[in-house]
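Next up, coords-v2.tsv (TSV, C-alpha atoms):
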```
chain	number	residue	atom	x	y	z
A	1	MET	CA	25.06	-74.62	35.18
A	2	GLY	CA	26.38	-76.23	38.34
A	3	TYR	CA	26.37	-73.21	40.62
A	4	PRO	CA	25.86	-75.14	43.89
A	5	THR	CA	29.33	-76.67	43.48
A	6	LEU	CA	30.88	-73.36	44.57
A	7	MET	CA	29.25	-72.28	47.76
A	8	GLY	CA	29.35	-72.06	51.53
A	9	CYS	CA	31.61	-69.06	52.16
A	10	THR	CA	31.40	-66.51	54.93
A	11	ASP	CA	33.61	-63.53	55.69
A	12	THR	CA	35.96	-65.79	57.65
A	13	ASP	CA	36.18	-68.24	54.75
A	14	THR	CA	37.61	-65.73	52.29
A	15	TYR	CA	40.62	-67.33	50.60
A	16	HIS	CA	43.84	-65.38	50.09
A	17	GLY	CA	45.70	-67.58	47.63
A	18	SER	CA	49.35	-67.88	46.67
A	19	THR	CA	51.90	-65.08	46.87
A	20	THR	CA	54.83	-66.26	44.71
A	21	PHE	CA	54.94	-68.05	41.37
A	22	HIS	CA	57.37	-68.06	38.45
A	23	ALA	CA	55.54	-68.18	35.12
A	24	GLU	CA	56.57	-70.05	32.01
A	25	SER	CA	53.53	-69.76	29.72
A	26	VAL	CA	50.12	-68.12	29.98
A	27	SER	CA	46.80	-69.15	28.44
A	28	VAL	CA	43.82	-66.81	28.83
A	29	LEU	CA	40.60	-68.66	29.66
A	30	TYR	CA	38.27	-65.72	30.21
A	31	GLU	CA	38.41	-61.96	29.78
A	32	LYS	CA	35.16	-60.06	29.78
A	33	PRO	CA	33.41	-56.99	31.23
A	34	VAL	CA	31.38	-57.92	34.31
A	35	TRP	CA	28.94	-55.66	36.14
A	36	PHE	CA	30.13	-55.31	39.76
A	37	LYS	CA	28.79	-53.84	42.93
A	38	VAL	CA	31.87	-52.07	44.30
A	39	VAL	CA	31.89	-51.51	48.05
A	40	ARG	CA	34.21	-48.85	49.48
A	41	ALA	CA	34.51	-47.73	53.09
A	42	ASP	CA	34.89	-44.04	52.25
A	43	ARG	CA	32.00	-43.63	49.80
A	44	GLU	CA	28.67	-45.03	48.71
A	45	ASP	CA	28.44	-48.38	46.97
A	46	ALA	CA	28.59	-48.10	43.19
A	47	GLN	CA	27.76	-50.22	40.14
A	48	GLU	CA	30.81	-50.42	37.87
A	49	GLU	CA	31.79	-52.41	34.80
A	50	LEU	CA	35.13	-54.09	35.45
A	51	ILE	CA	37.17	-56.54	33.39
A	52	PHE	CA	37.57	-59.99	34.92
A	53	ARG	CA	40.43	-62.04	33.50
A	54	ILE	CA	41.26	-65.67	34.26
A	55	ALA	CA	44.43	-67.27	32.92
A	56	THR	CA	46.28	-70.51	33.50
A	57	VAL	CA	50.00	-70.15	34.09
A	58	LEU	CA	52.48	-73.00	33.74
A	59	GLN	CA	55.09	-72.89	36.50
A	60	LYS	CA	58.76	-73.28	35.69
A	61	GLY	CA	60.42	-76.25	37.30
A	62	SER	CA	60.53	-80.01	37.14
A	63	HIS	CA	56.86	-80.57	37.90
A	64	HIS	CA	55.44	-77.89	35.57
A	65	SER	CA	52.49	-77.35	37.89
A	66	LYS	CA	49.67	-75.03	36.92
A	67	MET	CA	48.35	-71.91	38.57
A	68	LEU	CA	45.22	-69.85	38.04
A	69	LYS	CA	45.82	-66.12	37.84
A	70	MET	CA	42.84	-63.80	38.19
A	71	GLN	CA	42.80	-60.05	37.61
A	72	ILE	CA	40.12	-57.40	37.98
A	73	THR	CA	40.84	-54.21	36.04
A	74	SER	CA	39.03	-51.14	34.73
A	75	GLU	CA	38.93	-49.75	31.20
A	76	ASP	CA	38.42	-46.30	32.74
A	77	ASP	CA	41.36	-46.46	35.15
A	78	PRO	CA	44.64	-48.05	33.96
A	79	PHE	CA	45.95	-48.07	37.54
A	80	PHE	CA	43.01	-50.10	38.89
A	81	LEU	CA	44.38	-53.60	39.36
A	82	HIS	CA	43.37	-56.32	41.80
A	83	SER	CA	44.83	-59.79	41.38
A	84	MET	CA	45.01	-63.25	42.89
A	85	GLU	CA	47.06	-66.36	42.18
A	86	ILE	CA	46.14	-69.87	43.25
A	87	THR	CA	48.08	-73.06	42.70
A	88	GLU	CA	46.68	-76.58	42.66
A	89	GLU	CA	48.11	-77.08	46.14
A	90	ASP	CA	46.50	-73.85	47.40
A	91	PHE	CA	43.20	-74.96	45.90
A	92	GLN	CA	42.97	-77.89	48.30
A	93	THR	CA	42.69	-75.43	51.21
A	94	LEU	CA	40.13	-73.34	49.34
A	95	LYS	CA	38.14	-76.45	48.48
A	96	LEU	CA	38.00	-77.51	52.12
A	97	ASP	CA	37.29	-74.04	53.54
A	98	GLN	CA	34.44	-73.22	51.14
A	99	SER	CA	32.93	-76.69	50.61
A	100	ILE	CA	33.72	-76.74	46.90
A	101	LEU	CA	32.75	-79.98	45.19
A	102	VAL	CA	34.83	-79.76	42.00
A	103	ASP	CA	38.55	-80.36	41.51
A	104	PHE	CA	41.16	-77.83	40.45
A	105	GLY	CA	40.79	-78.65	36.77
A	106	ALA	CA	37.07	-77.83	36.78
A	107	PHE	CA	37.23	-74.83	39.12
A	108	SER	CA	37.89	-72.22	36.43
A	109	ASN	CA	34.94	-73.40	34.32
A	110	GLU	CA	32.60	-73.24	37.32
A	111	LEU	CA	33.86	-69.75	38.16
A	112	ILE	CA	33.35	-68.65	34.57
A	113	ASP	CA	29.78	-69.99	34.72
A	114	LEU	CA	29.15	-67.83	37.79
A	115	LEU	CA	30.65	-64.76	36.10
A	116	GLU	CA	28.50	-65.38	33.01
A	117	ALA	CA	25.42	-65.57	35.23
A	118	CYS	CA	26.36	-62.11	36.57
A	119	VAL	CA	26.88	-60.83	33.01
A	120	HIS	CA	23.48	-62.11	31.89
A	121	ALA	CA	21.79	-60.56	34.93
A	122	ARG	CA	22.97	-57.06	34.02
A	123	GLY	CA	20.10	-54.63	33.64
A	124	GLU	CA	17.71	-56.68	35.74
A	125	GLU	CA	15.96	-54.78	38.52
A	126	ASN	CA	16.64	-57.56	41.01
A	127	PRO	CA	19.47	-59.67	39.58
A	128	GLN	CA	19.72	-63.21	40.88
A	129	PHE	CA	23.51	-63.34	40.56
A	130	ARG	CA	25.71	-60.45	41.68
A	131	ALA	CA	29.46	-59.92	41.53
A	132	ILE	CA	30.74	-58.00	44.54
A	133	LEU	CA	34.13	-56.32	44.99
A	134	LYS	CA	34.77	-55.00	48.49
A	135	LEU	CA	37.76	-52.66	48.71
A	136	ASP	CA	39.65	-52.36	51.99
A	137	ALA	CA	43.07	-51.01	52.91
A	138	GLY	CA	45.68	-53.44	51.60
A	139	PHE	CA	43.33	-56.06	50.18
A	140	SER	CA	40.05	-56.55	48.35
A	141	THR	CA	37.42	-59.28	48.41
A	142	PHE	CA	35.70	-60.68	45.33
A	143	SER	CA	32.54	-62.70	45.81
A	144	VAL	CA	29.56	-63.95	43.84
A	145	LEU	CA	26.17	-63.91	45.53
A	146	GLU	CA	22.99	-65.65	44.48
A	147	VAL	CA	19.90	-63.88	45.79
A	148	ASN	CA	16.68	-65.81	46.33
A	149	LYS	CA	13.54	-65.32	48.40
A	150	PHE	CA	15.10	-67.01	51.40
A	151	LYS	CA	18.66	-65.64	51.68
A	152	HIS	CA	21.80	-64.28	50.04
A	153	LEU	CA	23.86	-67.32	49.10
A	154	CYS	CA	27.62	-66.80	48.73
A	155	HIS	CA	29.06	-69.15	46.11
A	156	ILE	CA	32.69	-68.05	46.31
A	157	SER	CA	34.77	-65.50	48.20
A	158	LEU	CA	38.38	-64.74	47.28
A	159	SER	CA	40.83	-62.21	48.65
A	160	PHE	CA	42.60	-60.19	45.95
A	161	ARG	CA	45.62	-57.91	46.30
A	162	PRO	CA	45.52	-54.31	45.03
A	163	GLY	CA	48.38	-53.69	42.63
A	164	ASN	CA	51.39	-51.76	43.88
A	165	ASP	CA	53.53	-49.63	41.55
A	166	ALA	CA	55.64	-52.59	40.42
A	167	ALA	CA	52.63	-54.83	39.79
A	168	ILE	CA	50.79	-52.12	37.85
A	169	LYS	CA	53.84	-51.42	35.68
A	170	GLN	CA	54.24	-55.13	34.99
A	171	TYR	CA	50.53	-55.42	34.13
A	172	LEU	CA	50.62	-52.41	31.79
A	173	ALA	CA	53.78	-53.74	30.13
A	174	SER	CA	52.16	-57.14	29.55
A	175	ARG	CA	49.04	-55.51	28.14
A	176	LEU	CA	51.21	-53.42	25.80
A	177	THR	CA	52.92	-56.60	24.61
A	178	GLU	CA	49.52	-58.22	24.01
A	179	VAL	CA	48.24	-55.19	22.08
A	180	LYS	CA	51.36	-55.19	19.92
A	181	GLY	CA	50.84	-58.89	19.26
A	182	GLU	CA	47.20	-58.29	18.30
A	183	ARG	CA	48.27	-55.47	16.00
A	184	GLU	CA	50.83	-57.71	14.31
A	185	ASN	CA	48.24	-60.44	13.86
A	186	LEU	CA	45.82	-57.95	12.32
A	187	ARG	CA	48.55	-56.63	10.03
A	188	THR	CA	49.41	-60.15	8.87
A	189	SER	CA	45.73	-60.94	8.34
A	190	LEU	CA	45.25	-57.70	6.38
A	191	GLU	CA	48.23	-58.43	4.15
A	192	SER	CA	46.89	-61.93	3.50
A	193	THR	CA	43.42	-60.57	2.70
A	194	SER	CA	44.89	-57.91	0.41
A	195	GLY	CA	46.88	-60.57	-1.44
A	196	ARG	CA	43.78	-62.71	-1.95
A	197	LEU	CA	41.85	-59.66	-3.11
A	198	GLU	CA	44.51	-58.78	-5.70
A	199	THR	CA	44.47	-62.38	-6.96
A	200	THR	CA	40.66	-62.33	-7.22
A	201	VAL	CA	40.64	-58.99	-9.06
A	202	SER	CA	43.31	-60.24	-11.45
A	203	SER	CA	41.36	-63.43	-12.13
A	204	GLU	CA	38.18	-61.44	-12.69
A	205	ALA	CA	39.91	-59.13	-15.16
A	206	LYS	CA	41.37	-62.12	-17.00
A	207	LEU	CA	37.95	-63.78	-17.31
A	208	ILE	CA	36.34	-60.58	-18.56
A	209	LYS	CA	39.05	-60.21	-21.18
A	210	GLU	CA	38.64	-63.82	-22.33
A	211	LEU	CA	34.86	-63.42	-22.56
A	212	SER	CA	35.18	-60.27	-24.67
A	213	GLU	CA	37.52	-61.87	-27.23
```
As structure tokens, the full file:
Amino acid sequence: MGYPTLMGCTDTDTYHGSTTFHAESVSVLYEKPVWFKVVRADREDAQEELIFRIATVLQKGSHHSKMLKMQITSEDDPFFLHSMEITEEDFQTLKLDQSILVDFGAFSNELIDLLEACVHARGEENPQFRAILKLDAGFSTFSVLEVNKFKHLCHISLSFRPGNDAAIKQYLASRLTEVKGERENLRTSLESTSGRLETTVSSEAKLIKELSE
């Protein structure tokens, strides 16, 4: 994995991303539980399993430009939502600020590699890769650290926005739509499987009858 391609961030390098974008179509690239160290000002740091989702969104308009939309959510708290959006234009600033060596098209794959490294390190006493979510009033910071004998190396640092009431309602509505779609797909698959099973049983009965004659 090419982890060194995403590195060089400090607290002042944290990227805030885009604020407005009109979606046309969404394609989910990654959605998986990731073990996070969650840092809060009003309580002790905690280890929590959070869902990290990365999707590409095609923007409406003449250019049909793409955006990456990232969300951090919790299976235990439906109102826990932190999100970030970054367009290809925004990425150029991020690339410069954090010394990223890949282009926009490869960024999501590199980020997924880092998240997978954090997933694989779960349960280790001293994990080499750690996902960090720092919660502050009005914003949150997601980062991935690589820990070695010499130093803590920050590969990426991004500023997320906590969801307000409208954003949370929109998120829950979209998740409901997705669940309904999954249910419909399962129902269709079940009906198809049931049809094939009936055909197989009928063929079996026919063969048994022919063999007994």
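Residue nearest Lys134 in chain A, chosen from A:Ser25, A:Gln47, A:Ser174, A:Gln92 and counting only C-alpha atoms: A:Gln47.
Proximity to Lys66 in chain A was assessed for A:Ala46, A:Ala106, A:Ile86, A:Leu176 counting all atoms listed in the file; the smallest distance is recorded for A:Ile86.
As for CA of Val38 in chain A and CA of Asp165 in chain A, they are spaced 22.0 Å apart.
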For Arg43 in chain A, the closest of A:Asp76, A:Asp136, A:Glu178, A:Asp113 counting all atoms listed in the file is A:Asp136
If we count only C-alpha atoms and set the cut-off at 9 Å, which residues sit around Met67 in chain A, ignoring sequence neighbours fewer than 4 positions away in its own chain? Please answer as a PyMOL selection string.
chain A and resi 21+23+55-59+85-88
Just need the box for range 173-187 of chain A, edges along x, y and z, holding every atom the file lists for it with 5 Å tacked onto each side, so centre and edge lengths in Å to one decimal, as lines of an AutoDock Vina configuration file.
```
center_x = 49.8
center_y = -56.9
center_z = 20.1
size_x = 18.0
size_y = 17.0
size_z = 30.1
```
Tell me which protein, DNA and RNA residues are within 12 Å of Phe129 in chain A, counting all atoms listed in the file, leaving out same-chain ones fewer than 3 positions away, and put them as a PDB file with C-alpha atoms, in the frame of the given file.
```pdb
ATOM      1  CA  TYR A   3      26.370 -73.210  40.620  1.00  0.00           C
ATOM      2  CA  VAL A  34      31.380 -57.920  34.310  1.00  0.00           C
ATOM      3  CA  TRP A  35      28.940 -55.660  36.140  1.00  0.00           C
ATOM      4  CA  PHE A  36      30.130 -55.310  39.760  1.00  0.00           C
ATOM      5  CA  LYS A  37      28.790 -53.840  42.930  1.00  0.00           C
ATOM      6  CA  ASP A 113      29.780 -69.990  34.720  1.00  0.00           C
ATOM      7  CA  LEU A 114      29.150 -67.830  37.790  1.00  0.00           C
ATOM      8  CA  LEU A 115      30.650 -64.760  36.100  1.00  0.00           C
ATOM      9  CA  GLU A 116      28.500 -65.380  33.010  1.00  0.00           C
ATOM     10  CA  ALA A 117      25.420 -65.570  35.230  1.00  0.00           C
ATOM     11  CA  CYS A 118      26.360 -62.110  36.570  1.00  0.00           C
ATOM     12  CA  VAL A 119      26.880 -60.830  33.010  1.00  0.00           C
ATOM     13  CA  HIS A 120      23.480 -62.110  31.890  1.00  0.00           C
ATOM     14  CA  ALA A 121      21.790 -60.560  34.930  1.00  0.00           C
ATOM     15  CA  ARG A 122      22.970 -57.060  34.020  1.00  0.00           C
ATOM     16  CA  GLY A 123      20.100 -54.630  33.640  1.00  0.00           C
ATOM     17  CA  GLU A 124      17.710 -56.680  35.740  1.00  0.00           C
ATOM     18  CA  GLU A 125      15.960 -54.780  38.520  1.00  0.00           C
ATOM     19  CA  ASN A 126      16.640 -57.560  41.010  1.00  0.00           C
ATOM     20  CA  ILE A 132      30.740 -58.000  44.540  1.00  0.00           C
ATOM     21  CA  SER A 143      32.540 -62.700  45.810  1.00  0.00           C
ATOM     22  CA  VAL A 144      29.560 -63.950  43.840  1.00  0.00           C
ATOM     23  CA  LEU A 145      26.170 -63.910  45.530  1.00  0.00           C
ATOM     24  CA  GLU A 146      22.990 -65.650  44.480  1.00  0.00           C
ATOM     25  CA  VAL A 147      19.900 -63.880  45.790  1.00  0.00           C
ATOM     26  CA  ASN A 148      16.680 -65.810  46.330  1.00  0.00           C
ATOM     27  CA  HIS A 152      21.800 -64.280  50.040  1.00  0.00           C
ATOM     28  CA  LEU A 153      23.860 -67.320  49.100  1.00  0.00           C
ATOM     29  CA  CYS A 154      27.620 -66.800  48.730  1.00  0.00           C
ATOM     30  CA  HIS A 155      29.060 -69.150  46.110  1.00  0.00           C
ATOM     31  CA  ILE A 156      32.690 -68.050  46.310  1.00  0.00           C
TER      32      ILE A 156
END
```
Could you check which of A:Gln170, A:Thr141, A:Ser202, A:Ser192 is closest to Arg40 in chain A, using all atoms listed in the file?
A:Thr141
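When only C-alpha atoms are used to compute distances to Glu44 in chain A, the closest of the residues A:Arg130, A:Phe80, A:Leu135, A:Leu101 turns out to be A:Leu135.
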Which residue gives the smallest distance to Ala137 in chain A among A:Ala41, A:Leu197, A:Ser108, A:Lys32, with all atoms listed in the file counted?
A:Ala41
Between CA of His82 in chain A and CA of Val179 in chain A, what is the distance in Å, rounded to a tenth?
20.3 Å
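As for CA of Ala205 in chain A and CA of Leu190 in chain A, they are spaced 22.2 Å apart.
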